[in-house]
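Heads up: the structure comes next, in structure tokens.
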Amino acid sequence: MTKTSRGGRLFRLLRSLVLAVAISAVSTLGLAAYWRLIGGGEMSLHGWIAMGLGVLGTVGLAWGLMALAFRSDRDGWDDRVDNHLDPGIEGSEDRKDEELYY
């Protein structure tokens, strides 16, 4: 891997991270405004921290799982799965439709 491609990947990673943080910040502020609108009262500092960490954790988890799914597909791990019993795959003649549970 060349230095320029590493720099490009780092830039894309940082850009994605900044975008995720911005989305979570806007979501947090939007939820807080909606909370006040419906008469939920003021949120304490601990409430802000908890909601911010919850939104950040959710966005981070979603981002990480999607990155793993894309990496698995790109590296070919999905092609190596032994799914010979899958009724949708050609050549899976060893099972009949009557034996399948839907």
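Each chain of the structure tokens is named A, B, ... in the order shown, its residues numbered from 1; ligands are numbered from 1 in display order.
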
(request) Using DSSP on the backbone, list every residue of stretch 32-65 of chain A that comes out as helix (DSSP H, G or I), and give them as a ChimeraX atom specification. (result) /A:32-37,45-65

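In this comparison, which uses only C-alpha atoms, the residue of A:Leu10, A:Ala67, A:Met51, A:Leu17 approaching A:Leu29 most closely is A:Met51.
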
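Between A:Ile23 and the residues A:Leu37, A:Val55, A:Leu45, A:Leu68, the shortest atom-to-atom distance, using only C-alpha atoms, involves A:Val55.
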